[in-house]
Amino acid sequence: MPKTIAEAKVVGQRLLNSSTKLIDVYAPEIANQAVPGQFVNVQVCKNTAPLLRRPFGVAGVNKEQGTFTMIYRIIGEGTHILADVCAGDVLSIVGPLGHGFDMSAGKPLLVGGGLGLAPLLFLAEGFGEGKADILMGGRTADELFWTKLYEELCPEMFLTTDDGSAGTKGTVMALLPQLLAEGGYDCVYVCGPVPMMRAVANACLEAGVKCQVSLEKYMACGLGACLSCACEGIGKRLKVCKDGPVFWAEEVGEW
Amino acid sequence: MVKSLYEGRLAVDIAGLKMATPVTTGSGTFGFGLEFTDFLDLEKVGAVCVKGTSLLPSAGNKGQRAVETPSGMLNCIGLENPGSDYFLEHTLPELRKYDVPVIVNIYGHSPEEYGEVAKKLNVDGVDAVEINISCPNVKEGGIVFGTCPDAAAEVVAQVKANSEKMVITKLSPNVTDIVSMAKAVEEAGTDAISMINTLLGTKIDIERQRPVLGNITGGLSGPAVRPVAVRLVYQVAQAVKVPIIGMGGIMCAEDAIEFMLAGASAVAVGTANFVHPDIAETIAHGMLAYLDRHKVQNITDIVGLALPEGKASMPLFR
């Protein structure tokens with residue numbers, strides 16, 4: 001699957017909550033190739049500062065229109081610049097990068113928190129309407145604006161918040177053991193903060209359910225060349241960008 | 001038989017290493033070249049310089065390994081590599097499918113180990129070795145080969161004694177007097193000099209109140225270091241006769257031209273490969289445009305033009 005440098009035209013972007021934006025770009029060469037779990041590396045401006053591209057998971061594609069979606073939190077220099085990009089602007093985007101999720105699950109459960117819910121959205125789309133269930137966790141109800149994006153793809157949604165303002169009070173671990181025991185899931189896909197992924201991976205291991213994790217590490221090239229995003233594997237170093245970002249939970253030795 | 005690209009106008013000969021363009025890739029920034037074949041034609045790159053290779057595999061450093069800085073980045077990868085045997089068995093055969101000169105960056109923990117790696121690389125398909133003398137000298141207890149002229153010369157002598165290939169020595173900018181380093185490696189027999197390696201730097205996370213990098217210090221690269229690199233090339237070009245491969249923050253053809261005017265006979269693009277994975281090929285087009293604009297036939301004609309007086313082998317008049 002060839003990777004390309006696309007001159008992607010911005011279709012538009014909108015706010016999802018106070019600090020999170022969704023952006024659609026026209027880049028058929030990437031939209032047609034990308035599979036759930038892959039990411040792209042975006043040059044947010046042509047200057048040398050900020051110098052490096054910013055990696056974002058693909059949150060969905062529209063092959064008919066040649067567009068794909070990214071969702072990001074406005075958090076640093078790069079994303080502040082990206083937030084000001086307008087429809088018609090052109091972004092240089094390298095992708096699609098990395099390996100996607102295993103799609104062979106019969107009854108998948110997606111587990112995510114924060115921006116980890118972006119690549120999982122594309123995964124839910126990949127499984128098709130109604131096939132995957134989702135368990136999402138956030139600190140407050142405001143962080144679970146994702147339900148609107150998921151409601152058609154995943155009719156069965158389980159929610160947790162740290163403060164109890166939506167769904168069950170606690171982390172996703174408040175619900176996961178019971179879901180694993182009674183839900184009949186044959187594979188869990190988790191993407192979110194490291195403590196969440198670690199806890200979910202361990203619970204799956206204990207319950208004997210397969211589990212894939214999607215990791216995030218600081219990276220420069222996204223191509224397997226710079227070795228910035230190394231992650232401890234079993235007996236070897238893994239490159240998150242090229243060997244991942246999706247791994248089987250048991251491949252990751254860092255936890 | 002060397003292939004001809006761009007009517008031969010960009011062809012250079014670096015101490016016998018014939019390249020179709022003066023653009024090589026900085027070690028550690030281009031993987032093994034194979035990672036970039038979706039974006040460019042490897043055969044249109046002057047030479048591919050692969051990731052630092054040691055006798056045995058190395059896992060590199062733990063913790064965060066890179067961070068962006070103003071117009072640059074710090075890295076502390078720690079020379080992670082699969083080792084020379086793996087390289088020879090698995091990577092080189094793949095790379096040899098392309099008609100492009102291959103430079104292998106090598107490092108060791110003692111002069112003898114440098115020599116051993118160089119000896120292993122006396123095989124078809126390797127065109128040159130580049131000695132990395134910026135890694136910790138375990139044998140001498142933490143002194144760096146790259147900062148002591150005598151230690152650097154010893155490494156170069158060991159490699160020269162063991163290698164049948166063209167030998168390039170890569171200099172560190174983290175020294176008081178780079179000219180004495182350059183002269184020492186020239187005297188020890190290096191065929192060419194590449195410069196500069198990264199500058200040491202540190203970034204602190206002010207919220208966590210801790211250094212960002214797992215290794216605390218890292219090597220600074222990118223456009224932020226370019227004026228330093230150009231100055232050092234300019235100095236060394238006046239002091240040695242061996243050809244120089246100039247590098248440090250080259251992002252475009254104009255940047256590369258700057259190094260060549262300062263006395264570099266070839267250049268390497270490094271950090272720019274991370275941002276523009278096709279740059280090692282596309283930069284050649286900008287070089288041709290520059291030659292046309294200045295009514296110069298060959299890229300070799302501009303080498304050292306900005307020096308106070310051209311080197312003996314260079315045209316003294318424009």
# chains A, B, ... in the order shown; residues from 1 in each chain; ligands from 1

call {"tool": "closest_atom_pairs", "arguments": {"of": "chain A", "to": "chain B", "cutoff": "12 Å", "atoms": "only C-alpha atoms", "output": "JSON lines"}}
result
{"residue": "A:Met1", "atom": "CA", "partner": "B:Asp38", "partner_atom": "CA", "distance": 9.2}
{"residue": "A:Pro2", "atom": "CA", "partner": "B:Asp38", "partner_atom": "CA", "distance": 5.9}
{"residue": "A:Lys3", "atom": "CA", "partner": "B:Asp38", "partner_atom": "CA", "distance": 5.8}
{"residue": "A:Thr4", "atom": "CA", "partner": "B:Phe39", "partner_atom": "CA", "distance": 6.4}
{"residue": "A:Ile5", "atom": "CA", "partner": "B:Phe39", "partner_atom": "CA", "distance": 7.3}
{"residue": "A:Ala6", "atom": "CA", "partner": "B:Phe39", "partner_atom": "CA", "distance": 10.7}
{"residue": "A:Asn41", "atom": "CA", "partner": "B:Val275", "partner_atom": "CA", "distance": 9.0}
{"residue": "A:Val42", "atom": "CA", "partner": "B:Val275", "partner_atom": "CA", "distance": 9.2}
{"residue": "A:Gln43", "atom": "CA", "partner": "B:Val275", "partner_atom": "CA", "distance": 7.6}
{"residue": "A:Val44", "atom": "CA", "partner": "B:Val275", "partner_atom": "CA", "distance": 11.0}
{"residue": "A:Cys45", "atom": "CA", "partner": "B:Val275", "partner_atom": "CA", "distance": 11.2}
{"residue": "A:Lys46", "atom": "CA", "partner": "B:Val275", "partner_atom": "CA", "distance": 10.2}
{"residue": "A:Asn47", "atom": "CA", "partner": "B:Ser71", "partner_atom": "CA", "distance": 8.5}
{"residue": "A:Thr48", "atom": "CA", "partner": "B:Ser71", "partner_atom": "CA", "distance": 5.1}
{"residue": "A:Ala49", "atom": "CA", "partner": "B:Ser71", "partner_atom": "CA", "distance": 4.7}
{"residue": "A:Pro50", "atom": "CA", "partner": "B:Ser71", "partner_atom": "CA", "distance": 6.3}
{"residue": "A:Leu51", "atom": "CA", "partner": "B:Ser71", "partner_atom": "CA", "distance": 5.5}
{"residue": "A:Leu52", "atom": "CA", "partner": "B:Val275", "partner_atom": "CA", "distance": 5.9}
{"residue": "A:Arg53", "atom": "CA", "partner": "B:Val275", "partner_atom": "CA", "distance": 6.2}
{"residue": "A:Arg54", "atom": "CA", "partner": "B:Val275", "partner_atom": "CA", "distance": 9.8}
{"residue": "A:Pro55", "atom": "CA", "partner": "B:Val275", "partner_atom": "CA", "distance": 11.6}
{"residue": "A:Gly76", "atom": "CA", "partner": "B:Glu68", "partner_atom": "CA", "distance": 11.7}
{"residue": "A:Glu77", "atom": "CA", "partner": "B:Glu68", "partner_atom": "CA", "distance": 10.7}
{"residue": "A:Gly78", "atom": "CA", "partner": "B:Glu68", "partner_atom": "CA", "distance": 10.8}
{"residue": "A:Ser92", "atom": "CA", "partner": "B:His276", "partner_atom": "CA", "distance": 9.4}
{"residue": "A:Ile93", "atom": "CA", "partner": "B:Val275", "partner_atom": "CA", "distance": 10.0}
{"residue": "A:Val94", "atom": "CA", "partner": "B:Pro277", "partner_atom": "CA", "distance": 8.7}
{"residue": "A:Gly95", "atom": "CA", "partner": "B:Asp38", "partner_atom": "CA", "distance": 10.4}
{"residue": "A:Pro96", "atom": "CA", "partner": "B:Asp38", "partner_atom": "CA", "distance": 11.4}
{"residue": "A:Leu97", "atom": "CA", "partner": "B:Glu35", "partner_atom": "CA", "distance": 11.4}
{"residue": "A:Gly98", "atom": "CA", "partner": "B:Glu35", "partner_atom": "CA", "distance": 11.9}
{"residue": "A:Glu216", "atom": "CA", "partner": "B:Gln64", "partner_atom": "CA", "distance": 11.9}
{"residue": "A:Lys217", "atom": "CA", "partner": "B:Gln64", "partner_atom": "CA", "distance": 8.3}
{"residue": "A:Tyr218", "atom": "CA", "partner": "B:Ala66", "partner_atom": "CA", "distance": 6.9}
{"residue": "A:Met219", "atom": "CA", "partner": "B:Ala66", "partner_atom": "CA", "distance": 7.1}
{"residue": "A:Ala220", "atom": "CA", "partner": "B:Phe274", "partner_atom": "CA", "distance": 6.0}
{"residue": "A:Cys221", "atom": "CA", "partner": "B:Phe274", "partner_atom": "CA", "distance": 4.2}
{"residue": "A:Gly222", "atom": "CA", "partner": "B:Phe274", "partner_atom": "CA", "distance": 7.8}
{"residue": "A:Leu223", "atom": "CA", "partner": "B:Glu35", "partner_atom": "CA", "distance": 6.2}
{"residue": "A:Gly224", "atom": "CA", "partner": "B:Glu35", "partner_atom": "CA", "distance": 6.7}
{"residue": "A:Ala225", "atom": "CA", "partner": "B:Gly31", "partner_atom": "CA", "distance": 4.1}
{"residue": "A:Cys226", "atom": "CA", "partner": "B:Thr29", "partner_atom": "CA", "distance": 5.5}
{"residue": "A:Leu227", "atom": "CA", "partner": "B:Ile77", "partner_atom": "CA", "distance": 6.6}
{"residue": "A:Ser228", "atom": "CA", "partner": "B:Arg65", "partner_atom": "CA", "distance": 5.1}
{"residue": "A:Cys229", "atom": "CA", "partner": "B:Arg65", "partner_atom": "CA", "distance": 7.2}
{"residue": "A:Ala230", "atom": "CA", "partner": "B:Arg65", "partner_atom": "CA", "distance": 8.0}
{"residue": "A:Cys231", "atom": "CA", "partner": "B:Lys62", "partner_atom": "CA", "distance": 8.6}
{"residue": "A:Glu232", "atom": "CA", "partner": "B:Lys62", "partner_atom": "CA", "distance": 8.6}
{"residue": "A:Gly233", "atom": "CA", "partner": "B:Ala59", "partner_atom": "CA", "distance": 11.0}
{"residue": "A:Gly235", "atom": "CA", "partner": "B:Ala59", "partner_atom": "CA", "distance": 10.0}
{"residue": "A:Lys236", "atom": "CA", "partner": "B:Ala59", "partner_atom": "CA", "distance": 7.7}
{"residue": "A:Arg237", "atom": "CA", "partner": "B:Ala59", "partner_atom": "CA", "distance": 6.7}
{"residue": "A:Leu238", "atom": "CA", "partner": "B:Ala59", "partner_atom": "CA", "distance": 10.1}
{"residue": "A:Lys239", "atom": "CA", "partner": "B:Glu80", "partner_atom": "CA", "distance": 11.3}
{"residue": "A:Cys241", "atom": "CA", "partner": "B:Glu35", "partner_atom": "CA", "distance": 11.6}
{"residue": "A:Lys242", "atom": "CA", "partner": "B:Glu35", "partner_atom": "CA", "distance": 9.5}
{"residue": "A:Glu254", "atom": "CA", "partner": "B:Lys62", "partner_atom": "CA", "distance": 10.5}

call {"tool": "select_by_dssp", "arguments": {"residues": "region 31-244 of chain B", "states": "strand (DSSP E or B)", "output": "PyMOL selection string"}}
result
chain B and resi 47-53+58+66-69+72-75+81+102-106+128-132+136+144+166-170+192-195+199-202+204-205+210-211+217-221+244

call {"tool": "write_last_selection", "arguments": {"atoms": "C-alpha atoms", "output": "compact mmCIF listing (two decimals), in the first residue's frame"}}
result
# COMPACT_ATOMS: atom_id res chain seq x y z
CA ALA B 47 24.27 8.50 -2.13
CA VAL B 48 22.32 6.85 0.65
CA CYS B 49 24.00 7.02 4.04
CA VAL B 50 22.40 4.48 6.32
CA LYS B 51 21.78 4.50 10.05
CA GLY B 52 24.78 4.08 12.38
CA THR B 53 25.78 0.43 12.41
CA SER B 58 21.97 -1.98 20.03
CA ALA B 66 12.93 13.28 20.46
CA VAL B 67 11.39 16.67 20.95
CA GLU B 68 10.79 19.63 18.71
CA THR B 69 12.63 22.88 19.42
CA GLY B 72 14.81 22.21 14.98
CA MET B 73 14.62 19.11 17.09
CA LEU B 74 16.59 17.31 19.77
CA ASN B 75 17.07 13.56 19.59
CA ASN B 81 20.52 -0.52 15.18
CA VAL B 102 25.72 3.24 -0.28
CA ILE B 103 27.59 4.83 2.61
CA VAL B 104 27.45 2.94 5.90
CA ASN B 105 27.81 5.00 9.05
CA ILE B 106 29.73 2.96 11.62
CA ALA B 128 32.02 3.96 1.58
CA VAL B 129 32.04 3.93 5.35
CA GLU B 130 31.41 7.01 7.45
CA ILE B 131 33.04 7.00 10.87
CA ASN B 132 30.76 8.29 13.59
CA PRO B 136 30.64 7.64 24.04
CA VAL B 144 34.19 11.15 23.34
CA MET B 166 36.42 5.06 0.79
CA VAL B 167 36.47 6.41 4.37
CA ILE B 168 34.58 9.48 5.51
CA THR B 169 34.97 10.86 9.03
CA LYS B 170 32.01 12.71 10.52
CA ALA B 192 36.77 12.82 3.20
CA ILE B 193 35.15 14.71 6.06
CA SER B 194 31.43 15.02 6.72
CA MET B 195 30.19 17.71 9.05
CA LEU B 199 24.91 20.08 18.65
CA LEU B 200 24.27 19.07 22.25
CA GLY B 201 21.15 20.54 23.80
CA THR B 202 18.59 20.12 26.55
CA ILE B 204 13.09 21.30 30.15
CA ASP B 205 9.37 20.65 30.59
CA ARG B 210 12.10 17.86 34.45
CA PRO B 211 14.13 17.43 31.26
CA THR B 217 20.67 15.82 26.60
CA GLY B 218 20.10 15.27 22.92
CA GLY B 219 21.51 16.28 19.58
CA LEU B 220 20.09 19.45 18.04
CA SER B 221 19.42 19.37 14.31
CA ILE B 244 33.88 17.93 2.71

call {"tool": "select_by_dssp", "arguments": {"residues": "region 187-223 of chain A", "states": "alpha helix (DSSP H)", "output": "PyMOL selection string"}}
result
chain A and resi 194-207

call {"tool": "write_last_selection", "arguments": {"atoms": "all heavy atoms", "output": "compact mmCIF listing (two decimals), in the first residue's frame"}}
result
# COMPACT_ATOMS: atom_id res chain seq x y z
N VAL A 194 -2.55 6.01 28.49
CA VAL A 194 -1.79 4.78 28.78
C VAL A 194 -2.37 3.99 29.96
O VAL A 194 -2.51 2.77 29.87
CB VAL A 194 -0.29 5.11 29.00
CG1 VAL A 194 0.46 3.92 29.59
CG2 VAL A 194 0.35 5.50 27.67
N PRO A 195 -2.73 4.65 31.08
CA PRO A 195 -3.28 3.86 32.20
C PRO A 195 -4.55 3.09 31.81
O PRO A 195 -4.76 1.96 32.24
CB PRO A 195 -3.60 4.92 33.27
CG PRO A 195 -2.74 6.08 32.92
CD PRO A 195 -2.61 6.08 31.43
N MET A 196 -5.37 3.71 30.96
CA MET A 196 -6.58 3.03 30.49
C MET A 196 -6.21 1.81 29.65
O MET A 196 -6.73 0.70 29.86
CB MET A 196 -7.45 3.98 29.66
CG MET A 196 -8.64 3.29 29.00
SD MET A 196 -9.48 4.32 27.77
CE MET A 196 -10.51 5.33 28.81
N MET A 197 -5.28 2.00 28.71
CA MET A 197 -4.92 0.89 27.81
C MET A 197 -4.28 -0.25 28.59
O MET A 197 -4.54 -1.42 28.32
CB MET A 197 -3.99 1.39 26.70
CG MET A 197 -4.69 2.36 25.76
SD MET A 197 -3.82 2.60 24.20
CE MET A 197 -2.47 3.62 24.74
N ARG A 198 -3.46 0.12 29.58
CA ARG A 198 -2.79 -0.90 30.37
C ARG A 198 -3.83 -1.72 31.15
O ARG A 198 -3.80 -2.96 31.14
CB ARG A 198 -1.81 -0.24 31.34
CG ARG A 198 -0.92 -1.21 32.08
CD ARG A 198 -0.20 -0.52 33.23
NE ARG A 198 0.70 0.53 32.77
CZ ARG A 198 0.75 1.77 33.28
NH1 ARG A 198 -0.06 2.12 34.25
NH2 ARG A 198 1.61 2.65 32.82
N ALA A 199 -4.76 -1.01 31.80
CA ALA A 199 -5.78 -1.69 32.61
C ALA A 199 -6.68 -2.57 31.75
O ALA A 199 -6.98 -3.72 32.11
CB ALA A 199 -6.61 -0.65 33.37
N VAL A 200 -7.07 -2.05 30.59
CA VAL A 200 -7.96 -2.81 29.71
C VAL A 200 -7.23 -4.04 29.16
O VAL A 200 -7.79 -5.14 29.13
CB VAL A 200 -8.47 -1.90 28.55
CG1 VAL A 200 -9.20 -2.74 27.50
CG2 VAL A 200 -9.39 -0.82 29.10
N ALA A 201 -5.98 -3.83 28.76
CA ALA A 201 -5.21 -4.96 28.21
C ALA A 201 -5.07 -6.06 29.25
O ALA A 201 -5.22 -7.24 28.94
CB ALA A 201 -3.84 -4.48 27.74
N ASN A 202 -4.78 -5.67 30.49
CA ASN A 202 -4.62 -6.67 31.55
C ASN A 202 -5.92 -7.40 31.85
O ASN A 202 -5.93 -8.62 32.04
CB ASN A 202 -4.08 -6.01 32.83
CG ASN A 202 -2.62 -5.62 32.69
OD1 ASN A 202 -1.90 -6.18 31.85
ND2 ASN A 202 -2.18 -4.65 33.47
N ALA A 203 -7.02 -6.65 31.86
CA ALA A 203 -8.32 -7.28 32.11
C ALA A 203 -8.68 -8.28 31.01
O ALA A 203 -9.24 -9.35 31.28
CB ALA A 203 -9.40 -6.19 32.22
N CYS A 204 -8.36 -7.91 29.77
CA CYS A 204 -8.64 -8.81 28.64
C CYS A 204 -7.81 -10.08 28.74
O CYS A 204 -8.29 -11.18 28.47
CB CYS A 204 -8.38 -8.11 27.31
SG CYS A 204 -9.57 -6.82 26.94
N LEU A 205 -6.55 -9.88 29.11
CA LEU A 205 -5.66 -11.02 29.26
C LEU A 205 -6.22 -12.00 30.29
O LEU A 205 -6.28 -13.21 30.07
CB LEU A 205 -4.28 -10.52 29.71
CG LEU A 205 -3.11 -11.48 29.60
CD1 LEU A 205 -2.78 -11.77 28.14
CD2 LEU A 205 -1.87 -10.90 30.30
N GLU A 206 -6.68 -11.42 31.42
CA GLU A 206 -7.25 -12.26 32.49
C GLU A 206 -8.51 -12.97 32.04
O GLU A 206 -8.75 -14.13 32.39
CB GLU A 206 -7.60 -11.37 33.70
CG GLU A 206 -6.64 -11.53 34.87
CD GLU A 206 -6.96 -10.53 35.96
OE1 GLU A 206 -8.11 -10.51 36.43
OE2 GLU A 206 -6.05 -9.74 36.30
N ALA A 207 -9.33 -12.25 31.26
CA ALA A 207 -10.61 -12.83 30.83
C ALA A 207 -10.44 -13.74 29.61
O ALA A 207 -11.41 -14.35 29.15
CB ALA A 207 -11.59 -11.70 30.52

call {"tool": "residues_around", "arguments": {"residues": "region 13-18 of chain B", "least_positions_apart": "3", "cutoff": "8 Å", "atoms": "only C-alpha atoms", "output": "ChimeraX atom specification"}}
result
/B:2,101,127-128,166,191-192,242-243,265-266

call {"tool": "residues_around", "arguments": {"residues": "Leu42 (chain B)", "least_positions_apart": "2", "cutoff": "7 Å", "atoms": "only C-alpha atoms", "output": "JSON, numbers by chain"}}
result
{"B": [37, 40, 44, 45, 98, 100]}

call {"tool": "write_last_selection", "arguments": {"atoms": "C-alpha atoms", "output": "PDB file, in the first residue's frame"}}
result
ATOM      1  CA  THR B  37      10.941   4.486  -1.724  1.00  0.00           C
ATOM      2  CA  LEU B  40      11.303   9.313  -4.153  1.00  0.00           C
ATOM      3  CA  LYS B  44      18.167   9.973  -8.083  1.00  0.00           C
ATOM      4  CA  VAL B  45      19.816  10.520  -4.713  1.00  0.00           C
ATOM      5  CA  TYR B  98      18.901   0.180  -6.440  1.00  0.00           C
ATOM      6  CA  VAL B 100      22.797   4.209  -5.822  1.00  0.00           C
TER       7      VAL B 100
END

call {"tool": "atom_distance", "arguments": {"atom1": "CA of Gly249 (chain B)", "atom2": "CA of Pro308 (chain B)"}}
result
23.7 Å

call {"tool": "atom_distance", "arguments": {"atom1": "CA of Ala105 (chain A)", "atom2": "CA of Thr69 (chain A)"}}
result
24.1 Å

call {"tool": "residues_around", "arguments": {"residues": "Leu16 (chain A)", "least_positions_apart": "2", "cutoff": "9 Å", "atoms": "only C-alpha atoms", "output": "PyMOL selection string"}}
result
chain A and resi 14+18-22+71+145-146

call {"tool": "residues_around", "arguments": {"residues": "Glu143 (chain A)", "least_positions_apart": "5", "cutoff": "9 Å", "atoms": "only C-alpha atoms", "output": "number ranges by chain"}}
result
A: 17, 113-114, 137-138, 161

call {"tool": "write_last_selection", "arguments": {"atoms": "C-alpha atoms", "output": "compact mmCIF listing (two decimals), in the first residue's frame"}}
result
# COMPACT_ATOMS: atom_id res chain seq x y z
CA ASN A 17 -16.34 20.92 22.25
CA GLY A 113 -11.04 7.76 26.07
CA GLY A 114 -10.07 11.23 24.91
CA GLY A 137 -14.70 6.96 29.47
CA GLY A 138 -14.16 10.64 30.22
CA THR A 161 -17.21 9.49 33.84

call {"tool": "residues_around", "arguments": {"residues": "Ala153 (chain B)", "least_positions_apart": "4", "cutoff": "8 Å", "atoms": "only C-alpha atoms", "output": "ChimeraX atom specification"}}
result
/B:149,157,184-185,187-188

call {"tool": "atom_distance", "arguments": {"atom1": "CA of Leu153 (chain A)", "atom2": "CA of Asp243 (chain A)"}}
result
28.2 Å
